[in-house]
Amino acid sequence: MKKKKEESSSRRKFIRYLGLGLGSAAVAGTAVIAREPAEAESGEKVMLLSSDGKLVEVDRSAIRVAKARTKEEIKRSYKGLPGKKFVMVIDLAKCKNARKCVDACQEGHMLPKDHEWIKIYLLQDSEMASKYWFPKPCYHCDNPLCVSVCPVGATYKREDGIVLVDNKRCIGCKFCMTACPYSARVFNWKDPEVEVPKDHVYDPELNIPAVEGTVGKCVFCADKLRVNELPRCVKACPMGVIYFGDINEDAVTNGVETLRFSSMMLGKHGYRHMEELGTAPSVYYLPPVNRMYPVEIGFEDLDDSISERYTPQVEKKPKKND
Amino acid sequence: MSANRESLLKDLTPEIEKTGRSWYVVFGIFLLIFIIGIYGLIQQIDKGHIVTGMRDNVVWGVYIVNFIFFMGLSYAGALVSGTLHLFKTPWRAPVIRIAELITVISLAIGPFFIFFCVGRLDRLPYILAFPRIQSPIVWDVIAILTDVFGAAIFLYISFLEDFAILRDNENLQIPPWKKKMYRILALGYQGTEKQKRILSLSRNVMAAIIIAIAIIVYSVLAWIFGVTLQPGWHSTIFGPYFVIAAIFSGVGLLIVLMAIFRKIYSLEKYITLKHFVNLGIVLFVIAAFFGYFTFSDYLTKWYGSVKMDKILIDKLFTEFRFYFIVANYIGILTPIIIIAIPKLRTIRNITVAAVIALVALWVNRYIIIVPTLETPFLPIQDTRADWLWYSPTWVEWSLTAAGIAVFGMLFMIISKIAPIISISEMEEAEEKQKQNQLTGEHHE
């Protein structure tokens, strides 16, 4: 009994000493940090805006150019924007395959032309029903199979609902691609050969540059959301097909009109694609009723290489490796 | 030394003592195939996976087919050798070592096909550094690593007695380094009663363990496909189905290798028609099971006609019909017919049946992987036309051939280190036979 007491008291002592040690180290550390800029003070003060929105005054000599901090960017990308839960609504009645969303996405993410993070399908639910255009980004599911199956945690679900891929972690096993029932993911089969600006910092929220042998996909333009802007595809769409918003605020906007998400779902019978799979997508669709355009308009002004994407391919063509 | 052992050594060790020219020729051919495969791999690492036939829909191709195939052979080897050992099957002695070697050699090759399929080979250690236990790939890594150790131990302790025999045999015409190697590998085994007891106990324990591991590990591999929602993969039957398929291919390979070694190492005296017929009957039973599993898997998908299942089945019956017929009719029915009719049970016929089973099972793997990936829930659209379908390129074939070549090379090398038929097992079997004869006479 006595021994036990002694033991516990010695442990307490150890913890106390440890605390003391750490504390003094911390004090010494701050002292060093605090003293450093004082040595070469120039006296010239500069006003700066801090990250929490306060205006602060610092000495000019204390200003350092921020270094590329990829590690912090990745860490930040795990968290997501607090208090948000993003949702997208795609109004199929308005889509006419203008493909501006595809172009804006490819441009914004420096994707090669054969890489689409958002694709436009031409669907037909049954033979009696008419065809309709069906834009498909990543659904950012609330029960994402791709995240479950990733062996290294390279793809992850954030608290704001966004699913991201860290292409510095991805090993390229492609399991997420086979697990995703919506074919939302693309693989970098070769070096994408993009010229990245010199001071560019890799951030999973933007996912530039793509890395050969890793997986990429729609990121809901998490980089734009961080600075309170709409995703690129939403802004680019000339028809206002895509609405984006925060489900907690119950509001979505296509940049022109802002609507209540819940009444939109109720009034226009919103649905999620293949609800029965249980993946709980964050992307909702409004059915293609009372359409603004006939479906054929979607074929006008299309490049041959694009329009042949909608003709059924039966024979197996040899591969071109360029 | 008993006269028995002397004759065994005389028959089984010549291949260890000297190596003929044909061995070098065959080995050279395998080496060449292997080098071509390495060239293909360098191309793939240099230019990226664009040199393969895989694209965004079919992201897993021949590599994964080979992976499942080789792992299946390995587990089958483990199951067959473990079962033969554990149940003291009387005719096992001449074939058990080949089964054990299949286990370890396939296991050494299989995982490489995963490495070829992985986009960033340099990041492979991340699986160990940042593993997520939710992922079936991590289950598989744990399972395969367990299996590697289990199978290696099982193989080694089965070799131990033979190493001691080879070490103690003065008449063996072998270079000194080989003698030294046997001395080290035999671990001081002298065949005392105690050592024999320990060895026999550990072999029994390991046999039981690797049977369990083989079943678990191959089920885990099947679940990599089973846990996804993809049509054709999302099936509860996949675990047991894969295990049965594995045994099917493994028994087939065992028969083929028996035929090859019987011929080239002149082992006609030891590997006889009896062994072919016995393993043929195993193949027959497994083929029946495999056919039954295949039938029930496809029947339920076809009859219920869920949209995606129907599209997949239609594809299998039209575009992939040739593969389907080879894999699921010829591959299953030929072995059954050949072995069911006693008149047809010759060594040559059974070997042919085994080759057909082996090839058909590879094709079966192919039509499990590729057609499903070509049948995503959303139709394949808005994709570059030449990216649509899968057809393997020379890089994939060269690496496949390299895998087979390495399999051959490893078998050839090991057959020069230790006899392809276990001397100790044969000795034991013959002693038992003699005892049985003696007691039989006594009873009369």
# chains A, B, ... in the order shown; residues from 1 in each chain; ligands from 1
call {"tool": "interface_residues", "arguments": {"of": "chain A", "to": "chain B", "cutoff": "8 Å", "atoms": "only C-alpha atoms", "output": "VMD selection string"}}
result
chain A and resid 114 119 to 122 145 148 to 153 169 to 174 177 to 183 185 to 187 189 to 191 212 to 214 277 305 to 306 308 to 310 313 316 to 321
call {"tool": "select_by_dssp", "arguments": {"residues": "range 55-137 of chain B", "states": "helix (DSSP H, G or I)", "output": "JSON, numbers by chain"}}
result
{"B": [62, 63, 64, 65, 66, 67, 68, 69, 70, 71, 72, 73, 74, 75, 76, 77, 78, 79, 80, 81, 82, 83, 84, 85, 86, 96, 97, 98, 99, 100, 101, 102, 103, 104, 105, 106, 107, 108, 109, 110, 111, 112, 113, 114, 115, 116, 117, 121, 122, 123, 126, 127, 128, 129, 136, 137]}
call {"tool": "write_last_selection", "arguments": {"atoms": "C-alpha atoms", "output": "mmCIF file, in the first residue's frame"}}
result
data_model
loop_
_atom_site.group_PDB
_atom_site.id
_atom_site.type_symbol
_atom_site.label_atom_id
_atom_site.label_comp_id
_atom_site.auth_asym_id
_atom_site.auth_seq_id
_atom_site.Cartn_x
_atom_site.Cartn_y
_atom_site.Cartn_z
ATOM 1 C CA VAL B 62 -5.456 -8.185 -66.871
ATOM 2 C CA TYR B 63 -3.229 -7.264 -63.913
ATOM 3 C CA ILE B 64 -6.008 -7.794 -61.419
ATOM 4 C CA VAL B 65 -7.129 -10.929 -63.269
ATOM 5 C CA ASN B 66 -3.605 -12.292 -62.886
ATOM 6 C CA PHE B 67 -3.486 -11.222 -59.273
ATOM 7 C CA ILE B 68 -6.643 -13.117 -58.380
ATOM 8 C CA PHE B 69 -5.518 -16.035 -60.508
ATOM 9 C CA PHE B 70 -2.089 -16.440 -58.894
ATOM 10 C CA MET B 71 -3.427 -15.851 -55.392
ATOM 11 C CA GLY B 72 -6.073 -18.473 -56.110
ATOM 12 C CA LEU B 73 -3.413 -20.969 -57.153
ATOM 13 C CA SER B 74 -1.549 -20.233 -53.974
ATOM 14 C CA TYR B 75 -4.518 -20.748 -51.696
ATOM 15 C CA ALA B 76 -5.468 -23.879 -53.539
ATOM 16 C CA GLY B 77 -1.946 -25.210 -53.068
ATOM 17 C CA ALA B 78 -2.266 -24.493 -49.361
ATOM 18 C CA LEU B 79 -5.690 -26.100 -49.122
ATOM 19 C CA VAL B 80 -4.675 -29.183 -51.072
ATOM 20 C CA SER B 81 -1.368 -29.763 -49.310
ATOM 21 C CA GLY B 82 -2.850 -28.922 -45.910
ATOM 22 C CA THR B 83 -5.777 -31.267 -46.399
ATOM 23 C CA LEU B 84 -3.625 -34.067 -47.806
ATOM 24 C CA HIS B 85 -1.319 -33.765 -44.835
ATOM 25 C CA LEU B 86 -3.906 -33.357 -42.128
ATOM 26 C CA ILE B 96 2.389 -33.023 -51.614
ATOM 27 C CA ARG B 97 5.646 -31.152 -52.207
ATOM 28 C CA ILE B 98 4.524 -29.851 -55.592
ATOM 29 C CA ALA B 99 1.334 -28.573 -53.937
ATOM 30 C CA GLU B 100 3.374 -26.865 -51.235
ATOM 31 C CA LEU B 101 5.643 -25.268 -53.800
ATOM 32 C CA ILE B 102 2.636 -23.988 -55.762
ATOM 33 C CA THR B 103 1.469 -22.283 -52.571
ATOM 34 C CA VAL B 104 4.662 -20.389 -51.937
ATOM 35 C CA ILE B 105 5.706 -19.614 -55.506
ATOM 36 C CA SER B 106 2.300 -18.293 -56.597
ATOM 37 C CA LEU B 107 2.164 -16.282 -53.429
ATOM 38 C CA ALA B 108 5.516 -14.747 -54.310
ATOM 39 C CA ILE B 109 4.245 -13.718 -57.757
ATOM 40 C CA GLY B 110 0.593 -12.720 -57.206
ATOM 41 C CA PRO B 111 1.142 -9.475 -55.276
ATOM 42 C CA PHE B 112 3.441 -8.143 -58.005
ATOM 43 C CA PHE B 113 0.437 -7.795 -60.279
ATOM 44 C CA ILE B 114 -1.113 -5.464 -57.731
ATOM 45 C CA PHE B 115 2.097 -3.469 -57.815
ATOM 46 C CA PHE B 116 1.850 -3.211 -61.605
ATOM 47 C CA CYS B 117 -1.727 -1.988 -61.278
ATOM 48 C CA LEU B 121 4.456 2.449 -56.998
ATOM 49 C CA ASP B 122 6.673 4.790 -54.989
ATOM 50 C CA ARG B 123 3.875 5.402 -52.507
ATOM 51 C CA TYR B 126 1.773 4.439 -47.455
ATOM 52 C CA ILE B 127 -0.422 1.369 -46.997
ATOM 53 C CA LEU B 128 1.710 0.458 -44.003
ATOM 54 C CA ALA B 129 2.260 4.047 -42.899
ATOM 55 C CA PRO B 136 -10.793 -4.149 -47.804
ATOM 56 C CA ILE B 137 -7.380 -3.540 -49.378
#
call {"tool": "atom_distance", "arguments": {"atom1": "CA of Arg197 in chain B", "atom2": "CA of Thr89 in chain B"}}
result
19.3 Å
call {"tool": "closest_residue", "arguments": {"among": "A:Trp117, A:Phe134, A:Phe175, A:Tyr156", "to": "Tyr78 in chain A", "atoms": "only C-alpha atoms"}}
result
A:Tyr156
call {"tool": "closest_residue", "arguments": {"among": "A:Pro112, A:Gly161, A:Gly53, A:Pro144", "to": "Ser77 in chain A", "atoms": "only C-alpha atoms"}}
result
A:Gly161
call {"tool": "atom_distance", "arguments": {"atom1": "CA of Pro135 in chain A", "atom2": "CA of Val295 in chain A"}}
result
13.4 Å
call {"tool": "atom_distance", "arguments": {"atom1": "CA of Ile297 in chain A", "atom2": "CA of Tyr271 in chain A"}}
result
24.9 Å
call {"tool": "closest_residue", "arguments": {"among": "A:Ile247, A:Ala222, A:Met239, A:Val165", "to": "Cys146 in chain A", "atoms": "only C-alpha atoms"}}
result
A:Val165
call {"tool": "residues_around", "arguments": {"residues": "Gly240 in chain A", "least_positions_apart": "3", "cutoff": "9 Å", "atoms": "only C-alpha atoms", "output": "PyMOL selection string"}}
result
chain A and resi 91+94-95+234-237+243+254-257
call {"tool": "write_last_selection", "arguments": {"atoms": "N, CA and C atoms", "output": "PDB file, in the first residue's frame"}}
result
ATOM      1  N   ASP A  91     -31.193  21.638 -62.118  1.00  0.00           N
ATOM      2  CA  ASP A  91     -32.530  21.692 -62.712  1.00  0.00           C
ATOM      3  C   ASP A  91     -32.462  21.130 -64.137  1.00  0.00           C
ATOM      4  N   LYS A  94     -33.718  22.816 -67.479  1.00  0.00           N
ATOM      5  CA  LYS A  94     -33.047  23.939 -68.127  1.00  0.00           C
ATOM      6  C   LYS A  94     -31.810  23.547 -68.925  1.00  0.00           C
ATOM      7  N   CYS A  95     -31.284  22.345 -68.703  1.00  0.00           N
ATOM      8  CA  CYS A  95     -29.987  22.020 -69.309  1.00  0.00           C
ATOM      9  C   CYS A  95     -30.130  21.749 -70.803  1.00  0.00           C
ATOM     10  N   VAL A 234     -21.215  26.483 -61.617  1.00  0.00           N
ATOM     11  CA  VAL A 234     -22.435  27.245 -61.329  1.00  0.00           C
ATOM     12  C   VAL A 234     -22.362  28.599 -62.022  1.00  0.00           C
ATOM     13  N   LYS A 235     -21.191  29.247 -61.877  1.00  0.00           N
ATOM     14  CA  LYS A 235     -21.039  30.581 -62.456  1.00  0.00           C
ATOM     15  C   LYS A 235     -21.035  30.537 -63.978  1.00  0.00           C
ATOM     16  N   ALA A 236     -20.485  29.440 -64.540  1.00  0.00           N
ATOM     17  CA  ALA A 236     -20.310  29.391 -65.984  1.00  0.00           C
ATOM     18  C   ALA A 236     -21.599  29.080 -66.726  1.00  0.00           C
ATOM     19  N   CYS A 237     -22.549  28.433 -66.076  1.00  0.00           N
ATOM     20  CA  CYS A 237     -23.738  27.952 -66.793  1.00  0.00           C
ATOM     21  C   CYS A 237     -24.587  29.124 -67.292  1.00  0.00           C
ATOM     22  N   TYR A 243     -27.764  25.117 -59.136  1.00  0.00           N
ATOM     23  CA  TYR A 243     -27.921  25.915 -57.919  1.00  0.00           C
ATOM     24  C   TYR A 243     -26.975  25.354 -56.866  1.00  0.00           C
ATOM     25  N   ASN A 254     -28.222  30.146 -58.076  1.00  0.00           N
ATOM     26  CA  ASN A 254     -27.491  29.862 -59.310  1.00  0.00           C
ATOM     27  C   ASN A 254     -26.751  31.118 -59.770  1.00  0.00           C
ATOM     28  N   GLY A 255     -26.641  32.083 -58.870  1.00  0.00           N
ATOM     29  CA  GLY A 255     -25.963  33.326 -59.203  1.00  0.00           C
ATOM     30  C   GLY A 255     -26.916  34.414 -59.632  1.00  0.00           C
ATOM     31  N   VAL A 256     -28.094  34.011 -60.101  1.00  0.00           N
ATOM     32  CA  VAL A 256     -29.085  34.991 -60.520  1.00  0.00           C
ATOM     33  C   VAL A 256     -30.213  35.054 -59.497  1.00  0.00           C
ATOM     34  N   GLU A 257     -30.803  33.916 -59.205  1.00  0.00           N
ATOM     35  CA  GLU A 257     -31.888  33.895 -58.226  1.00  0.00           C
ATOM     36  C   GLU A 257     -31.484  33.012 -57.047  1.00  0.00           C
TER      37      GLU A 257
END
